[in-house]
Amino acid sequence: MVQNIINVRNLSKSFDISSKEPGLNGTIKHFFRRQTKSLKVIKDISFEIKEGEIVGFLGANGAGKTTILKMLCGLIYPSEGSIIVSDHSPFRRKEKFLKQITLIMGQKQQLIWDLPPIESFYLNASIYDVDKFEAKRRIKKLSEMLEIDDELFIPVRKLSLGQRMKSELLAALIHEPNILFLDEPTLGLDINAQRNLRKFLQKYNKETNATICLTSHYMKDITSLCKRVICVQEGSISYDGELDILLKKLSPVKEILIVCRSEDDAKKLENSGFAVKNKIKNEITLKIENNSITSSLKTILNNFDIEDLFINEPPVDEIIGRVLIKKDYDI
Amino acid sequence: MISNLFNRKIFTLLKVQYSNMLEYRVEIALWAISGIIPFFMLNIWTNNNLNESINISDVMLSRYFLCAFFVRQFSVVWVVFSFEEDSLMGKVSPYLIQPLNPFFRYFAQHLAEQITRFPFALIIAFFFFIFNPESIWIPNLGILFLALVSTFLSFLIQFLIQSIVACLCFWTERASSIERLLFIPTLFLSGLLAPVVSFPAYIKSWIYLTPFPYLIDFPANLLSGNETNISGGLSMQILWIFLLFPLFKKIWSEGTKKYTAMGS
């Protein structure tokens with residue numbers, strides 16, 4: 001049986017935020033009497049993640065996804081509740097725990113800007129007590145997987161964003177962590193670089209059985225990597241489960257475009273009781289519930305003269321977008 | 001465990017930071033040149049015969065200010081500014097989840113810069129001796145060693161003081177403004193502008209209770225051969241390190257609980 005590697009119970013996080021009214025008056029007031037209020041950004045959430053799972057955290061900007069990742073890796077201190085990651089309390093930042101995890105934040109770099117990435121790799125290797133021979137082997141293996149052999153000796157400042165991101169990834173994986181926290185890892189990358197990064201993460205997960213927690217606004221990252229998603233809305237979890245089930249729940253109907261032989265056939269079909277989205281000449285678009293697709297298609301094919309038909313899946317971005325925009329969306 | 005830390009982590013950090021510093025050699029040369037305040041002060045002191053009031057000869061005074069220049073070169077600290085910038089930009093975040101306290105990075109950065117600026121400091125000393133040939137002297141090896149130790153201890157004290165102030169970033173964000181408050185007593189009481197011996201007796205007795213005279217005045221007097229209490233000075237330096245280190249550890253552990261990972 002696969003063990004839970006992450007256990008989160010009743011986790012909350014509040015930040016003290018100071019607010020200031022606009023204008024000179026507000027500035028003077030703010031100078032003499034600062035008004036701060038406590039803002040609860042994570043509200044009593046609980047979840048578990050199994051070893052080897054890839055879980056996507058979905059949510060609008062400011063929903064709390066990154067704050068959750070920061071607490072899971074021990075970067076920030078939780079206000080309430082408990083987090084256990086690989087039998088450790090992350091915030092204690094025990095060496096044994098830190099050697100098992102890594103955090104990658106898109107656009108944030110840990111590589112030394114003026115030196116070639118290879119220097120940062122060896123530095124990280126020594127920080128994580130990886131001996132030089134082993135570090136060399138890992139750098140070779142990871143650079144081959146990431147296809148950045150030639151860039152290792154060029155100063156970081158001269159690398160492209162994609163090459164830099166791959167180097168960041170290599171630096172973050174040199175100690176072979178078994179839990180990866182990735183916050184927008186493909187941010188700013190072109191389509192090819194995004195695809196390569198996703199392929200690499202899939203391969204890394206398959207080869208090492210590493211657990212991956214990922215946030216991304218690119219739905220392709222989520223759909224191609226994560227079977228399970230956790231939707232975060234205003235600091236609370238609104239859905240935790242399989243992505244496929246979420247998509248079915250959010251999009252219970254499919255749109256079917258039917259091209260009839262004649263306009264008369266299209267008219268007959270329009271009046272046959274199916275939900276019609278629109279009709280243009282001999283083309284008619286019907287909305288049919290997922291669970292009755294087969295029977296409805298049988299009826300249509302047996303009773304009407306059909307030239308062609310297309311089943312349209314609504315784009316995942318659009319479906320998920322509905323969850324992110326509408327605050328009280330019932331999932 | 002400790003030897004492993006120093007053998008591998010610190011050595012690699014130093015090596016990498018030294019390579020990084022070499023990328024900025026012109027900047028470091030300019031930094032070395034910008035530290036010539038003691039030579040201006042020497043000029044003011046000798047031109048106004050101020051040294052007569054404290055019974056120090058011209059030669060000993062010029063040696064004192066040359067040594068003050070050297071001690072300053074190898075004990076100057078700017079960790080509060082680096083940490084503040086990294087903290088505000090979110091660069092500290094990846095370092096915080098590595099199994100090495102981020103301050104070791106800054107520590108190595110400072111040491112690497114000191115190694116890089118050493119040849120530039122020697123060139124400046126060479127020119128100083130050309131213009132002041134009567135000041136040339138060779139300190140004995142024992143004194144040289146003790147002066148090196150004392151300069152390193154001075155660096156440690158300043159590094160700890162600034163690290164404590166830097167940790168205030170977790171509360172105030174702009175901790176460097178607090179450091180600026182400390183700059184004034186450091187400038188006047190450390191011996192950079194005038195040897196502490198020149199202060200009135202009642203002020204001196206108070207100054208010696210602070211860490212400031214052990215930052216420049218004590219190591220510079222030691223190296224230049226001026227009269228100084230070696231064991232007393234070294235003991236005070238060690239005492240200050242023992243007082244400041246637990247304070248740094250406490251403020252660090254409390255501060256990281258406040259960290260909000262801004263900018264990341």
# chains A, B, ... in the order shown; residues from 1 in each chain; ligands from 1
>>> closest_atom_pairs(of="chain B", to="chain A", cutoff="8 Å", atoms="only C-alpha atoms", output="CSV")
residue,atom,partner,partner_atom,distance
B:Arg8,CA,A:Ser126,CA,6.1
B:Lys9,CA,A:Ser126,CA,5.3
B:Thr12,CA,A:Leu123,CA,6.0
B:Leu13,CA,A:Leu123,CA,6.4
B:Val16,CA,A:Glu119,CA,6.6
B:Ser19,CA,A:Leu115,CA,7.7
B:Asn20,CA,A:Leu115,CA,6.4
B:Glu23,CA,A:Asp114,CA,7.2
B:Gly90,CA,A:Lys108,CA,7.8
B:Lys91,CA,A:Lys108,CA,7.2
B:Ser93,CA,A:Leu75,CA,6.8
B:Pro94,CA,A:Gln110,CA,6.5
B:Tyr95,CA,A:Gln110,CA,7.8
B:Leu96,CA,A:Leu75,CA,6.8
B:Ile97,CA,A:Leu98,CA,6.1
B:Gln98,CA,A:Leu98,CA,6.0
B:Pro99,CA,A:Glu95,CA,5.2
B:Leu100,CA,A:Ile127,CA,6.6
B:Thr256,CA,A:Ile76,CA,7.7
B:Lys257,CA,A:Tyr77,CA,5.5
B:Lys258,CA,A:Tyr77,CA,7.3
B:Tyr259,CA,A:Ile76,CA,6.0
B:Thr260,CA,A:Ile76,CA,6.0
B:Ala261,CA,A:Ile76,CA,7.0
B:Ser264,CA,A:Lys108,CA,7.1
>>> select_by_dssp(residues="range 186-266 of chain A", states="alpha helix (DSSP H)", output="ChimeraX atom specification")
/A:191-208,219-225,243-250,263-266
>>> select_by_dssp(residues="range 34-210 of chain A", states="strand (DSSP E)", output="NGL selection string")
:A and (35-50 or 54-58 or 80-85 or 101-105 or 179-183)
>>> write_last_selection(atoms="N, CA and C atoms", output="compact mmCIF listing (two decimals), in the first residue's frame")
# COMPACT_ATOMS: atom_id res chain seq x y z
N GLN A 35 -2.07 51.30 10.68
CA GLN A 35 -3.19 50.39 10.92
C GLN A 35 -2.90 49.06 10.26
N THR A 36 -2.86 48.03 11.08
CA THR A 36 -2.62 46.70 10.52
C THR A 36 -3.82 45.81 10.83
N LYS A 37 -4.07 44.92 9.90
CA LYS A 37 -5.13 43.95 10.18
C LYS A 37 -4.62 42.57 9.81
N SER A 38 -5.15 41.59 10.49
CA SER A 38 -4.73 40.22 10.24
C SER A 38 -5.60 39.64 9.12
N LEU A 39 -4.93 39.15 8.09
CA LEU A 39 -5.65 38.60 6.95
C LEU A 39 -5.42 37.10 6.88
N LYS A 40 -6.51 36.33 6.97
CA LYS A 40 -6.37 34.88 6.94
C LYS A 40 -6.35 34.43 5.49
N VAL A 41 -5.19 34.01 5.02
CA VAL A 41 -5.09 33.65 3.60
C VAL A 41 -5.28 32.15 3.36
N ILE A 42 -5.04 31.34 4.39
CA ILE A 42 -5.33 29.90 4.29
C ILE A 42 -6.26 29.57 5.44
N LYS A 43 -7.39 28.90 5.10
CA LYS A 43 -8.43 28.72 6.11
C LYS A 43 -8.74 27.25 6.37
N ASP A 44 -8.13 26.73 7.38
CA ASP A 44 -8.49 25.42 7.91
C ASP A 44 -8.55 24.32 6.83
N ILE A 45 -7.45 24.12 6.15
CA ILE A 45 -7.46 23.11 5.08
C ILE A 45 -6.81 21.80 5.55
N SER A 46 -7.26 20.70 4.98
CA SER A 46 -6.70 19.39 5.29
C SER A 46 -6.61 18.58 4.01
N PHE A 47 -5.53 17.87 3.83
CA PHE A 47 -5.40 16.94 2.70
C PHE A 47 -4.19 16.02 2.92
N GLU A 48 -4.14 14.96 2.14
CA GLU A 48 -2.98 14.06 2.18
C GLU A 48 -2.48 13.88 0.76
N ILE A 49 -1.21 13.62 0.64
CA ILE A 49 -0.64 13.31 -0.68
C ILE A 49 0.20 12.04 -0.56
N LYS A 50 -0.02 11.13 -1.49
CA LYS A 50 0.67 9.84 -1.42
C LYS A 50 2.04 9.93 -2.08
N ILE A 54 1.55 13.05 -8.36
CA ILE A 54 1.76 14.41 -8.88
C ILE A 54 0.44 15.15 -8.69
N VAL A 55 0.48 16.18 -7.86
CA VAL A 55 -0.76 16.89 -7.53
C VAL A 55 -0.65 18.34 -7.99
N GLY A 56 -1.68 18.78 -8.70
CA GLY A 56 -1.71 20.16 -9.17
C GLY A 56 -2.57 21.01 -8.25
N PHE A 57 -2.07 22.17 -7.89
CA PHE A 57 -2.86 23.12 -7.08
C PHE A 57 -3.41 24.18 -8.03
N LEU A 58 -4.73 24.26 -8.10
CA LEU A 58 -5.37 25.23 -9.00
C LEU A 58 -6.03 26.33 -8.21
N GLU A 80 -1.84 28.08 12.28
CA GLU A 80 -2.58 27.04 13.03
C GLU A 80 -2.50 25.73 12.25
N GLY A 81 -2.76 24.63 12.94
CA GLY A 81 -2.83 23.34 12.29
C GLY A 81 -1.49 22.64 12.23
N SER A 82 -1.48 21.48 11.57
CA SER A 82 -0.22 20.73 11.52
C SER A 82 0.10 20.28 10.09
N ILE A 83 1.40 20.21 9.83
CA ILE A 83 1.88 19.70 8.54
C ILE A 83 2.95 18.66 8.85
N ILE A 84 2.79 17.50 8.27
CA ILE A 84 3.86 16.50 8.36
C ILE A 84 4.25 16.14 6.94
N VAL A 85 5.52 16.35 6.61
CA VAL A 85 6.02 15.99 5.28
C VAL A 85 7.17 15.02 5.49
N ILE A 101 13.79 17.51 -0.01
CA ILE A 101 12.85 18.35 -0.75
C ILE A 101 13.57 19.34 -1.66
N THR A 102 12.80 19.93 -2.56
CA THR A 102 13.30 21.08 -3.30
C THR A 102 12.12 21.98 -3.66
N LEU A 103 12.41 23.25 -3.80
CA LEU A 103 11.37 24.20 -4.20
C LEU A 103 11.87 24.96 -5.42
N ILE A 104 11.06 24.95 -6.46
CA ILE A 104 11.45 25.70 -7.67
C ILE A 104 10.38 26.74 -7.93
N MET A 105 10.81 27.98 -7.98
CA MET A 105 9.86 29.06 -8.25
C MET A 105 10.22 29.67 -9.60
N ILE A 179 10.74 14.86 -2.92
CA ILE A 179 9.52 15.69 -2.93
C ILE A 179 9.87 17.00 -3.63
N LEU A 180 9.13 17.30 -4.70
CA LEU A 180 9.40 18.52 -5.47
C LEU A 180 8.21 19.47 -5.30
N PHE A 181 8.51 20.71 -4.92
CA PHE A 181 7.48 21.74 -4.86
C PHE A 181 7.77 22.70 -6.01
N LEU A 182 6.88 22.74 -6.96
CA LEU A 182 7.12 23.56 -8.16
C LEU A 182 6.05 24.65 -8.26
N ASP A 183 6.52 25.89 -8.17
CA ASP A 183 5.59 27.01 -8.23
C ASP A 183 5.76 27.70 -9.58
>>> residues_around(residues="range 32-44 of chain B", least_positions_apart="5", cutoff="7 Å", atoms="only C-alpha atoms", output="PyMOL selection string")
chain B and resi 62+65+68-69+73+117+120-121+192-193
>>> residues_around(residues="Leu223 in chain B", least_positions_apart="3", cutoff="12 Å", atoms="only C-alpha atoms", output="number ranges by chain")
B: 60, 63-71, 137-151, 216-220, 226-228, 230
>>> residues_around(residues="Lys287 in chain A", least_positions_apart="3", cutoff="6 Å", atoms="only C-alpha atoms", output="ChimeraX atom specification")
/A:254-255,275
>>> residues_around(residues="Ala266 in chain A", least_positions_apart="3", cutoff="12 Å", atoms="only C-alpha atoms", output="short mmCIF file (atom, residue, chain, number, x, y, z; two decimals) with N, CA and C atoms, in the first residue's frame")
data_model
loop_
_atom_site.label_atom_id
_atom_site.label_comp_id
_atom_site.auth_asym_id
_atom_site.auth_seq_id
_atom_site.Cartn_x
_atom_site.Cartn_y
_atom_site.Cartn_z
N LEU A 257 -21.89 18.90 -33.12
CA LEU A 257 -22.25 19.62 -34.34
C LEU A 257 -22.66 18.58 -35.39
N ILE A 258 -23.89 18.70 -35.87
CA ILE A 258 -24.40 17.72 -36.83
C ILE A 258 -24.66 18.43 -38.17
N VAL A 259 -24.06 17.85 -39.23
CA VAL A 259 -24.31 18.40 -40.57
C VAL A 259 -25.34 17.49 -41.25
N CYS A 260 -26.57 18.04 -41.45
CA CYS A 260 -27.64 17.23 -42.07
C CYS A 260 -27.56 17.32 -43.60
N ARG A 261 -28.22 16.35 -44.29
CA ARG A 261 -28.19 16.35 -45.76
C ARG A 261 -28.93 17.59 -46.32
N SER A 262 -30.03 17.96 -45.60
CA SER A 262 -30.80 19.11 -46.09
C SER A 262 -31.23 19.99 -44.91
N GLU A 263 -31.71 21.17 -45.26
CA GLU A 263 -32.19 22.08 -44.21
C GLU A 263 -33.44 21.53 -43.52
N LEU A 269 -34.76 17.85 -36.88
CA LEU A 269 -33.92 17.55 -35.72
C LEU A 269 -34.09 18.63 -34.63
N GLU A 270 -34.24 19.86 -35.08
CA GLU A 270 -34.41 20.99 -34.15
C GLU A 270 -35.68 20.80 -33.29
N ASN A 271 -36.69 20.21 -33.93
CA ASN A 271 -37.98 20.06 -33.23
C ASN A 271 -38.14 18.67 -32.57
N SER A 272 -37.05 17.91 -32.52
CA SER A 272 -37.19 16.53 -32.01
C SER A 272 -36.99 16.41 -30.49
N PHE A 274 -34.26 17.60 -28.59
CA PHE A 274 -32.90 17.77 -28.08
C PHE A 274 -32.65 19.25 -27.76
N VAL A 276 -30.97 22.52 -28.21
CA VAL A 276 -30.25 23.08 -29.36
C VAL A 276 -29.46 24.31 -28.92
N ASN A 278 -27.40 26.11 -31.34
CA ASN A 278 -27.68 27.01 -32.47
C ASN A 278 -27.90 26.20 -33.76
N LYS A 279 -28.42 26.88 -34.77
CA LYS A 279 -28.68 26.21 -36.06
C LYS A 279 -28.40 27.21 -37.18
N ILE A 280 -27.55 26.79 -38.10
CA ILE A 280 -27.25 27.62 -39.27
C ILE A 280 -27.44 26.75 -40.51
N LYS A 281 -28.43 27.07 -41.29
CA LYS A 281 -28.80 26.28 -42.48
C LYS A 281 -28.92 24.80 -42.12
N ASN A 282 -28.08 23.93 -42.74
CA ASN A 282 -28.22 22.50 -42.46
C ASN A 282 -27.31 22.03 -41.32
N GLU A 283 -26.67 23.00 -40.62
CA GLU A 283 -25.78 22.62 -39.50
C GLU A 283 -26.45 22.98 -38.18
N ILE A 284 -26.48 22.01 -37.30
CA ILE A 284 -27.15 22.25 -36.01
C ILE A 284 -26.24 21.77 -34.87
N THR A 285 -26.15 22.58 -33.81
CA THR A 285 -25.32 22.18 -32.66
C THR A 285 -26.23 21.84 -31.50
N LEU A 286 -26.07 20.58 -31.02
CA LEU A 286 -26.90 20.12 -29.89
C LEU A 286 -26.06 20.01 -28.63
N ILE A 300 -30.30 9.65 -33.24
CA ILE A 300 -30.10 10.63 -34.32
C ILE A 300 -29.73 9.92 -35.61
N ASN A 303 -32.73 7.98 -37.15
CA ASN A 303 -33.93 8.71 -37.56
C ASN A 303 -33.71 9.88 -38.50
N PHE A 304 -32.47 10.30 -38.64
CA PHE A 304 -32.22 11.48 -39.49
C PHE A 304 -31.14 11.17 -40.51
N ASP A 305 -31.21 11.94 -41.63
CA ASP A 305 -30.23 11.73 -42.70
C ASP A 305 -29.02 12.65 -42.41
N ILE A 306 -27.99 12.04 -41.89
CA ILE A 306 -26.83 12.82 -41.40
C ILE A 306 -25.66 12.71 -42.37
N GLU A 307 -25.04 13.85 -42.68
CA GLU A 307 -23.88 13.84 -43.57
C GLU A 307 -22.60 13.69 -42.75
#
>>> residues_around(residues="range 187-191 of chain A", least_positions_apart="3", cutoff="6 Å", atoms="only C-alpha atoms", output="PDB file with C-alpha atoms, in the first residue's frame")
ATOM      1  CA  GLY A 106       9.518  30.235 -11.833  1.00  0.00           C
ATOM      2  CA  GLY A 162      14.560  28.441 -21.113  1.00  0.00           C
ATOM      3  CA  GLU A 184       4.853  28.078 -11.808  1.00  0.00           C
ATOM      4  CA  GLN A 194       7.328  24.117 -21.609  1.00  0.00           C
TER       5      GLN A 194
END
>>> atom_distance(atom1="CA of Tyr239 in chain A", atom2="CA of Ser12 in chain A")
17.2 Å
